file target01.csv (CSV, C-alpha atoms)
chain,number,residue,atom,x,y,z
A,1,MET,CA,0.0,0.0,0.0
A,2,ILE,CA,2.8,2.4,0.9
A,3,GLU,CA,4.5,1.6,-2.4
A,4,VAL,CA,1.3,2.5,-4.2
A,5,LEU,CA,1.0,5.8,-2.5
A,6,GLU,CA,4.7,6.5,-3.1
A,7,GLU,CA,4.1,5.9,-6.8
A,8,ALA,CA,1.1,8.2,-6.8
A,9,VAL,CA,3.0,11.0,-5.0
A,10,PHE,CA,6.1,11.0,-7.3
A,11,GLY,CA,4.1,10.3,-10.4
A,12,SER,CA,1.7,13.1,-9.9
A,13,LEU,CA,4.3,15.6,-8.8
A,14,GLY,CA,6.5,14.8,-11.8
A,15,THR,CA,3.6,15.2,-14.2
A,16,LEU,CA,2.6,18.5,-12.6
A,17,LEU,CA,6.2,19.8,-12.9
A,18,THR,CA,6.3,19.0,-16.6
A,19,ILE,CA,3.0,20.7,-17.2
A,20,THR,CA,4.0,23.8,-15.2
A,21,MET,CA,7.2,24.2,-17.2
A,22,ILE,CA,5.1,24.2,-20.3
A,23,VAL,CA,1.9,26.1,-19.2
A,24,ILE,CA,3.5,29.2,-17.6
A,25,PRO,CA,5.7,30.2,-20.6
A,26,LEU,CA,2.7,29.4,-22.9
A,27,MET,CA,0.3,31.6,-20.9
A,28,ILE,CA,2.9,34.4,-21.0
A,29,PHE,CA,3.2,34.1,-24.7
A,30,ILE,CA,-0.6,34.0,-25.3
A,31,GLU,CA,-1.3,37.0,-23.1
A,32,THR,CA,1.5,39.0,-24.6
A,33,PHE,CA,0.4,38.1,-28.1
A,34,LYS,CA,-3.2,39.2,-27.3
A,35,ARG,CA,-1.9,42.6,-26.4
A,36,SER,CA,0.7,43.0,-29.1
A,37,PRO,CA,0.3,44.7,-32.5
A,38,PHE,CA,0.7,41.2,-34.1
A,39,TRP,CA,-2.8,40.2,-32.9
A,40,ASP,CA,-4.5,42.4,-35.5
A,41,SER,CA,-2.3,41.1,-38.3
A,42,PHE,CA,-3.0,37.6,-37.1
A,43,CYS,CA,-6.8,38.2,-37.3
A,44,ASN,CA,-6.3,39.6,-40.8
A,45,SER,CA,-4.5,36.5,-41.9
A,46,VAL,CA,-7.2,34.3,-40.3
A,47,ALA,CA,-9.8,36.3,-42.2
A,48,ASN,CA,-7.9,35.5,-45.4
A,49,ILE,CA,-7.8,31.8,-44.6
A,50,ILE,CA,-11.4,31.3,-43.4
A,51,LYS,CA,-13.0,32.6,-46.6
A,52,TYR,CA,-12.1,29.2,-48.1
A,53,LEU,CA,-14.2,27.5,-45.4
A,54,GLY,CA,-17.2,29.6,-46.2
A,55,PHE,CA,-16.9,32.3,-43.5
A,56,SER,CA,-17.2,36.0,-43.9
A,57,LYS,CA,-14.6,38.5,-42.6
A,58,ASN,CA,-16.8,39.1,-39.5
A,59,SER,CA,-16.1,35.6,-38.2
A,60,ALA,CA,-12.3,36.2,-38.0
A,61,ILE,CA,-12.2,37.6,-34.5
A,62,PRO,CA,-14.5,34.9,-32.9
A,63,LEU,CA,-12.6,32.1,-34.7
A,64,ALA,CA,-9.1,33.5,-33.9
A,65,ALA,CA,-10.1,34.3,-30.2
A,66,GLY,CA,-11.9,31.0,-29.7
A,67,SER,CA,-9.3,28.8,-31.2
A,68,ILE,CA,-6.5,30.3,-29.2
A,69,PHE,CA,-8.1,31.5,-25.9
A,70,GLY,CA,-10.9,29.0,-25.5
A,71,LEU,CA,-14.6,28.4,-26.0
A,72,ILE,CA,-15.9,30.8,-23.4
A,73,TYR,CA,-13.8,33.7,-24.8
A,74,GLY,CA,-14.8,32.8,-28.4
A,75,ALA,CA,-18.5,32.6,-27.5
A,76,GLY,CA,-18.2,36.0,-25.9
A,77,THR,CA,-16.9,37.5,-29.2
A,78,VAL,CA,-19.6,35.7,-31.2
A,79,MET,CA,-22.3,37.3,-29.0
A,80,ASP,CA,-20.6,40.7,-29.6
A,81,GLU,CA,-20.8,40.2,-33.4
A,82,VAL,CA,-24.3,38.9,-33.2
A,83,LYS,CA,-25.4,42.0,-31.4
A,84,LYS,CA,-24.0,44.1,-34.2
A,85,GLY,CA,-26.1,41.9,-36.5
A,86,LEU,CA,-23.2,41.1,-38.8
A,87,ILE,CA,-23.3,37.3,-38.7
A,88,SER,CA,-25.9,35.1,-40.4
A,89,THR,CA,-27.5,32.1,-38.7
A,90,LYS,CA,-25.6,29.7,-40.9
A,91,GLU,CA,-22.4,31.3,-40.0
A,92,ILE,CA,-23.2,31.1,-36.3
A,93,ILE,CA,-23.7,27.4,-36.6
A,94,LEU,CA,-20.5,27.0,-38.6
A,95,ILE,CA,-18.5,29.0,-36.0
A,96,ASN,CA,-20.0,26.8,-33.3
A,97,ILE,CA,-19.1,23.6,-35.2
A,98,PHE,CA,-15.5,25.0,-35.7
A,99,LEU,CA,-15.1,26.1,-32.1
A,100,VAL,CA,-16.5,23.0,-30.3
A,101,LEU,CA,-14.0,20.9,-32.2
A,102,SER,CA,-11.0,23.3,-32.1
A,103,HIS,CA,-10.6,25.6,-29.1
A,104,ALA,CA,-7.8,26.5,-26.7
A,105,MET,CA,-5.6,24.9,-29.4
A,106,ILE,CA,-2.3,25.9,-27.7
A,107,GLU,CA,-2.9,25.3,-24.0
A,108,ASP,CA,-5.0,22.1,-24.2
A,109,THR,CA,-2.7,20.6,-26.8
A,110,ALA,CA,0.4,21.4,-24.7
A,111,ILE,CA,-1.1,19.7,-21.6
A,112,PHE,CA,-1.5,16.4,-23.6
A,113,VAL,CA,1.9,16.7,-25.2
A,114,ALA,CA,3.4,17.2,-21.7
A,115,ILE,CA,2.0,13.7,-20.7
A,116,GLY,CA,3.3,12.0,-23.8
A,117,ALA,CA,1.0,12.5,-26.8
A,118,ASN,CA,2.3,13.1,-30.3
A,119,PHE,CA,2.1,16.9,-31.0
A,120,VAL,CA,1.8,16.6,-34.8
A,121,VAL,CA,-0.9,14.0,-34.7
A,122,ILE,CA,-3.2,15.7,-32.1
A,123,PHE,CA,-2.7,19.2,-33.4
A,124,PHE,CA,-3.0,18.8,-37.1
A,125,GLY,CA,-5.4,15.8,-36.8
A,126,ARG,CA,-7.8,18.0,-34.9
A,127,ILE,CA,-7.5,20.8,-37.4
A,128,ALA,CA,-8.1,18.3,-40.3
A,129,VAL,CA,-11.3,17.0,-38.6
A,130,THR,CA,-12.5,20.5,-37.9
A,131,ILE,CA,-12.0,21.6,-41.5
A,132,LEU,CA,-13.7,18.5,-42.8
A,133,PHE,CA,-16.8,19.0,-40.7
A,134,VAL,CA,-17.1,22.8,-41.3
A,135,LEU,CA,-17.0,22.2,-45.1
A,136,LEU,CA,-19.5,19.3,-44.7
A,137,PHE,CA,-22.0,21.3,-42.6
A,138,GLY,CA,-21.6,24.3,-44.9
A,139,LYS,CA,-22.8,22.2,-47.8
A,140,VAL,CA,-25.6,20.6,-45.7
A,141,LEU,CA,-26.9,24.0,-44.5
A,142,ASP,CA,-26.8,25.4,-48.1
A,143,LEU,CA,-28.9,22.4,-49.1
A,144,PHE,CA,-31.5,23.1,-46.4
A,145,ARG,CA,-31.6,26.8,-47.4
A,146,ARG,CA,-32.6,25.8,-51.0
A,147,PHE,CA,-35.8,24.2,-49.7
A,148,ASP,CA,-37.1,27.1,-47.6
B,1,MET,CA,9.3,62.3,-26.7
B,2,PHE,CA,10.9,59.3,-28.2
B,3,ASP,CA,11.0,57.7,-24.8
B,4,ILE,CA,7.3,58.0,-24.5
B,5,ILE,CA,6.7,56.4,-27.9
B,6,ILE,CA,9.1,53.5,-27.1
B,7,HIS,CA,7.5,53.1,-23.7
B,8,MET,CA,4.0,53.0,-25.1
B,9,ASP,CA,5.0,50.6,-27.8
B,10,ASN,CA,6.3,48.0,-25.4
B,11,SER,CA,4.0,48.4,-22.5
B,12,TYR,CA,2.0,45.4,-23.6
B,13,LEU,CA,5.0,43.2,-23.0
B,14,LEU,CA,5.1,43.8,-19.3
B,15,ASP,CA,1.4,43.5,-19.0
B,16,GLY,CA,1.3,40.3,-21.0
B,17,ILE,CA,4.1,38.8,-18.9
B,18,LYS,CA,2.4,39.7,-15.7
B,19,VAL,CA,-1.1,38.5,-16.6
B,20,GLY,CA,0.3,35.5,-18.4
B,21,PHE,CA,2.4,34.4,-15.4
B,22,HIS,CA,-0.6,34.8,-13.2
B,23,LYS,CA,-2.9,32.8,-15.5
B,24,GLY,CA,-0.2,30.1,-15.8
B,25,ILE,CA,0.0,29.7,-12.1
B,26,VAL,CA,-3.8,29.7,-11.8
B,27,THR,CA,-4.1,27.1,-14.5
B,28,THR,CA,-1.4,24.9,-12.9
B,29,LEU,CA,-3.1,25.1,-9.5
B,30,ASN,CA,-6.5,24.3,-11.0
B,31,LEU,CA,-4.8,21.4,-12.8
B,32,ALA,CA,-3.0,20.2,-9.6
B,33,LYS,CA,-6.3,20.3,-7.6
B,34,ILE,CA,-7.8,17.8,-10.0
B,35,VAL,CA,-4.9,15.8,-11.4
B,36,VAL,CA,-3.4,14.8,-8.0
B,37,PRO,CA,-6.6,13.4,-6.3
B,38,VAL,CA,-7.6,11.7,-9.6
B,39,PHE,CA,-4.1,10.2,-9.9
B,40,PHE,CA,-4.4,8.9,-6.3
B,41,LEU,CA,-7.9,7.5,-6.9
B,42,VAL,CA,-6.8,5.7,-10.0
B,43,THR,CA,-3.7,4.3,-8.5
B,44,ILE,CA,-5.7,2.9,-5.6
B,45,LEU,CA,-8.5,1.7,-8.0
B,46,LYS,CA,-5.9,-0.2,-10.0
B,47,ALA,CA,-5.4,-2.4,-7.0
B,48,THR,CA,-9.1,-3.3,-6.6
B,49,PRO,CA,-11.3,-5.7,-8.7
B,50,LEU,CA,-13.4,-2.7,-9.9
B,51,MET,CA,-10.8,-1.9,-12.5
B,52,TYR,CA,-10.8,-5.5,-13.6
B,53,TYR,CA,-14.6,-5.4,-14.2
B,54,LEU,CA,-14.3,-2.0,-16.0
B,55,ASP,CA,-11.6,-3.5,-18.2
B,56,THR,CA,-13.6,-6.6,-19.1
B,57,ILE,CA,-16.9,-4.7,-19.7
B,58,PHE,CA,-15.4,-2.1,-22.0
B,59,SER,CA,-12.6,-3.8,-23.8
B,60,PRO,CA,-14.8,-5.2,-26.7
B,61,PHE,CA,-15.8,-1.6,-27.4
B,62,MET,CA,-12.4,0.1,-26.7
B,63,LYS,CA,-10.6,-2.3,-29.0
B,64,TYR,CA,-12.0,-0.4,-32.0
B,65,PHE,CA,-9.8,2.5,-30.8
B,66,GLY,CA,-6.8,0.3,-30.1
B,67,LEU,CA,-7.2,1.0,-26.4
B,68,PRO,CA,-7.4,-1.2,-23.3
B,69,GLY,CA,-10.8,-1.5,-21.6
B,70,ASP,CA,-9.8,0.6,-18.5
B,71,ALA,CA,-9.0,3.5,-20.8
B,72,SER,CA,-12.8,3.9,-21.0
B,73,LEU,CA,-12.4,5.7,-17.6
B,74,VAL,CA,-10.5,8.4,-19.4
B,75,LEU,CA,-13.2,9.0,-21.9
B,76,ILE,CA,-16.0,8.9,-19.3
B,77,THR,CA,-14.2,11.5,-17.0
B,78,GLY,CA,-13.1,13.6,-20.0
B,79,TYR,CA,-16.6,13.7,-21.6
B,80,LEU,CA,-18.5,14.4,-18.3
B,81,LEU,CA,-16.0,16.4,-16.3
B,82,ASN,CA,-13.0,18.0,-18.0
B,83,ILE,CA,-9.6,17.7,-19.7
B,84,TYR,CA,-7.8,17.9,-16.4
B,85,SER,CA,-9.5,14.9,-14.9
B,86,ALA,CA,-8.9,12.9,-18.1
B,87,VAL,CA,-5.2,13.8,-17.8
B,88,GLY,CA,-5.2,12.6,-14.2
B,89,VAL,CA,-6.7,9.2,-15.3
B,90,ILE,CA,-4.3,8.9,-18.2
B,91,VAL,CA,-1.2,9.4,-16.0
B,92,GLY,CA,-2.7,7.1,-13.3
B,93,LEU,CA,-3.3,4.3,-15.7
B,94,GLY,CA,0.2,4.4,-17.1
B,95,LEU,CA,-0.6,4.1,-20.8
B,96,ASN,CA,1.9,4.1,-23.7
B,97,SER,CA,2.5,6.9,-26.1
B,98,ARG,CA,0.3,5.6,-28.9
B,99,GLU,CA,-2.6,5.1,-26.6
B,100,ILE,CA,-2.1,8.5,-25.1
B,101,THR,CA,-2.1,10.1,-28.5
B,102,ILE,CA,-5.4,8.4,-29.5
B,103,LEU,CA,-7.0,9.3,-26.2
B,104,ALA,CA,-5.7,12.9,-26.5
B,105,ILE,CA,-7.4,13.5,-29.8
B,106,MET,CA,-10.7,11.8,-28.6
B,107,VAL,CA,-10.8,13.9,-25.4
B,108,LEU,CA,-9.7,17.1,-27.2
B,109,ILE,CA,-12.6,16.8,-29.6
B,110,ALA,CA,-15.2,16.0,-26.9
B,111,HIS,CA,-14.7,17.1,-23.3
B,112,SER,CA,-16.6,19.0,-20.6
B,113,LEU,CA,-19.7,18.3,-22.6
B,114,ILE,CA,-22.2,19.5,-20.0
B,115,LEU,CA,-20.5,22.9,-19.4
B,116,GLU,CA,-19.6,23.5,-23.0
B,117,GLY,CA,-23.1,22.4,-24.2
B,118,ALA,CA,-24.4,25.2,-21.9
B,119,ILE,CA,-22.1,27.7,-23.5
B,120,CYS,CA,-23.3,26.6,-27.0
B,121,SER,CA,-26.9,27.0,-26.1
B,122,ARG,CA,-26.2,30.6,-25.0
B,123,ILE,CA,-25.0,31.3,-28.6
B,124,GLY,CA,-28.2,29.7,-29.8
B,125,VAL,CA,-27.1,26.3,-31.0
B,126,ASN,CA,-28.9,23.1,-29.8
B,127,PRO,CA,-26.7,21.7,-27.0
B,128,PHE,CA,-27.9,18.1,-27.5
B,129,PHE,CA,-27.1,18.2,-31.2
B,130,ILE,CA,-23.6,19.6,-30.4
B,131,THR,CA,-23.0,17.0,-27.7
B,132,ILE,CA,-24.0,14.0,-29.9
B,133,PHE,CA,-22.0,15.5,-32.8
B,134,ARG,CA,-18.9,15.9,-30.6
B,135,VAL,CA,-19.0,12.4,-29.1
B,136,SER,CA,-19.5,10.7,-32.5
B,137,THR,CA,-16.7,12.8,-34.1
B,138,SER,CA,-14.5,11.8,-31.2
B,139,PHE,CA,-15.3,8.1,-31.8
B,140,LEU,CA,-14.6,8.5,-35.5
B,141,ALA,CA,-11.3,10.3,-34.9
B,142,GLY,CA,-10.2,7.6,-32.5
B,143,PHE,CA,-11.2,4.8,-34.9
B,144,LEU,CA,-9.4,6.4,-37.8
B,145,LEU,CA,-6.3,7.2,-35.8
B,146,ASN,CA,-6.2,3.5,-34.6
B,147,MET,CA,-6.1,2.4,-38.3
B,148,VAL,CA,-3.5,5.0,-39.4
B,149,LEU,CA,-1.2,5.2,-36.4
B,150,ARG,CA,1.6,2.7,-36.3

call {"tool": "encode", "arguments": {"input": "target01.csv", "output": "structure tokens"}}
result
Amino acid sequence: MIEVLEEAVFGSLGTLLTITMIVIPLMIFIETFKRSPFWDSFCNSVANIIKYLGFSKNSAIPLAAGSIFGLIYGAGTVMDEVKKGLISTKEIILINIFLVLSHAMIEDTAIFVAIGANFVVIFFGRIAVTILFVLLFGKVLDLFRRFD
Amino acid sequence: MFDIIIHMDNSYLLDGIKVGFHKGIVTTLNLAKIVVPVFFLVTILKATPLMYYLDTIFSPFMKYFGLPGDASLVLITGYLLNIYSAVGVIVGLGLNSREITILAIMVLIAHSLILEGAICSRIGVNPFFITIFRVSTSFLAGFLLNMVLR
């Protein structure tokens, strides 16, 4: 029993140490990035990329914010844009599909890499699944629109 | 004059480092609060017959993802609770790198389903649809990754 507890203590402390070493620098990077002039140019390049997925320019900030800072932050910016009346219902659904599959892409991915997951597979695999379903739902929603 | 411009330009750096460090500490503490107890619980659970039953019940299903039956505990905690508790279970079970990668993508796609479903419904999207969609996507990703990954 003592051996089991010993394993639990050292195992969990080791894991936490690894995660701490990764999470703190990452958080500093993310928070600095959010405040830096590069954030705006990042949103612009996101706007250029997402038009191929069927999004308008107005979705750039929700998608950029949500995919980096997390679902709650992304949902907040979606509601801001909805209040302005700039985003269509179809686009809200597509943003939601995108963000539930890919959010907090840096932090959550890093935690799993810290415990031994393959970065390339879980990062790009997730992006690939997200793009696939956003394109698919875009087509499906267009189909429904044709009937009403 | 120039001093002010330079100062203004870089003020975000100090701010970002301060807030980022604080958030990093908070995230780590939140993680620790969950990972350590879950790790203990799983380590103790491994010594009981409960884990054996879990393993035998779920292994026919989990083999589609190339995972042992007790890894179902990772999916259950990840889906219902959050990523942190799933991390605690993964570390406690002592899985290998391939299994961790498959579980990671499954949990990253679908996690905290209750909480995040509530967030989705605030934007105006049906939370039940989103939850079913995420769980099935998670199964699909795990299944495909098991076939592709060596």

call {"tool": "closest_residue", "arguments": {"input": "target01.csv", "among": "A:Val9, A:Leu63, A:Ile19, A:Leu141", "to": "Asp108 (chain A)", "atoms": "all atoms listed in the file"}}
result
A:Ile19

call {"tool": "closest_residue", "arguments": {"input": "target01.csv", "among": "A:Pro37, A:Gly76, A:Gly138, A:Gly11", "to": "Cys120 (chain B)", "atoms": "only C-alpha atoms"}}
result
A:Gly76

call {"tool": "residues_around", "arguments": {"input": "target01.csv", "residues": "Thr28 (chain B)", "least_positions_apart": "6", "cutoff": "8 Å", "atoms": "all atoms listed in the file", "output": "compact mmCIF listing (two decimals) with C-alpha atoms, in the coordinates of the input"}}
result
# COMPACT_ATOMS: atom_id res chain seq x y z
CA LEU A 16 2.60 18.50 -12.60
CA ILE A 19 3.00 20.70 -17.20
CA THR A 20 4.00 23.80 -15.20
CA VAL A 23 1.90 26.10 -19.20

call {"tool": "interface_residues", "arguments": {"input": "target01.csv", "of": "chain A", "to": "chain B", "cutoff": "6 Å", "atoms": "all atoms listed in the file", "output": "PyMOL selection string"}}
result
chain A and resi 8+12+20+23-24+27-28+31-32+35+101+116-118+122

call {"tool": "closest_residue", "arguments": {"input": "target01.csv", "among": "A:Lys84, A:Arg145, A:Arg126, A:Lys51", "to": "Leu99 (chain A)", "atoms": "all atoms listed in the file"}}
result
A:Arg126

call {"tool": "closest_residue", "arguments": {"input": "target01.csv", "among": "A:Ile93, A:Val134, A:Ile22, A:Ile106", "to": "Gly54 (chain A)", "atoms": "all atoms listed in the file"}}
result
A:Val134

call {"tool": "closest_residue", "arguments": {"input": "target01.csv", "among": "A:Ile97, A:Val140, A:Ile111, A:Ile127", "to": "Met21 (chain A)", "atoms": "all atoms listed in the file"}}
result
A:Ile111

call {"tool": "atom_distance", "arguments": {"input": "target01.csv", "atom1": "CA of Phe143 (chain B)", "atom2": "CA of Tyr64 (chain B)"}}
result
6.0 Å

call {"tool": "atom_distance", "arguments": {"input": "target01.csv", "atom1": "CA of Asp142 (chain A)", "atom2": "CA of Phe55 (chain A)"}}
result
12.9 Å

call {"tool": "closest_residue", "arguments": {"input": "target01.csv", "among": "B:Leu93, B:Leu75, B:Leu80, B:Leu54", "to": "Gly142 (chain B)", "atoms": "all atoms listed in the file"}}
result
B:Leu75

call {"tool": "atom_distance", "arguments": {"input": "target01.csv", "atom1": "CA of Leu136 (chain A)", "atom2": "CA of Asn82 (chain B)"}}
result
27.5 Å

call {"tool": "residues_around", "arguments": {"input": "target01.csv", "residues": "Asn48 (chain A)", "least_positions_apart": "3", "cutoff": "12 Å", "atoms": "all atoms listed in the file", "output": "list of chain:residue names"}}
result
A:Ser41, A:Phe42, A:Cys43, A:Asn44, A:Ser45, A:Lys51, A:Tyr52, A:Leu53, A:Gly54, A:Phe55, A:Ser56, A:Lys57, A:Asn58, A:Ser59, A:Ala60, A:Ile61, A:Ala64
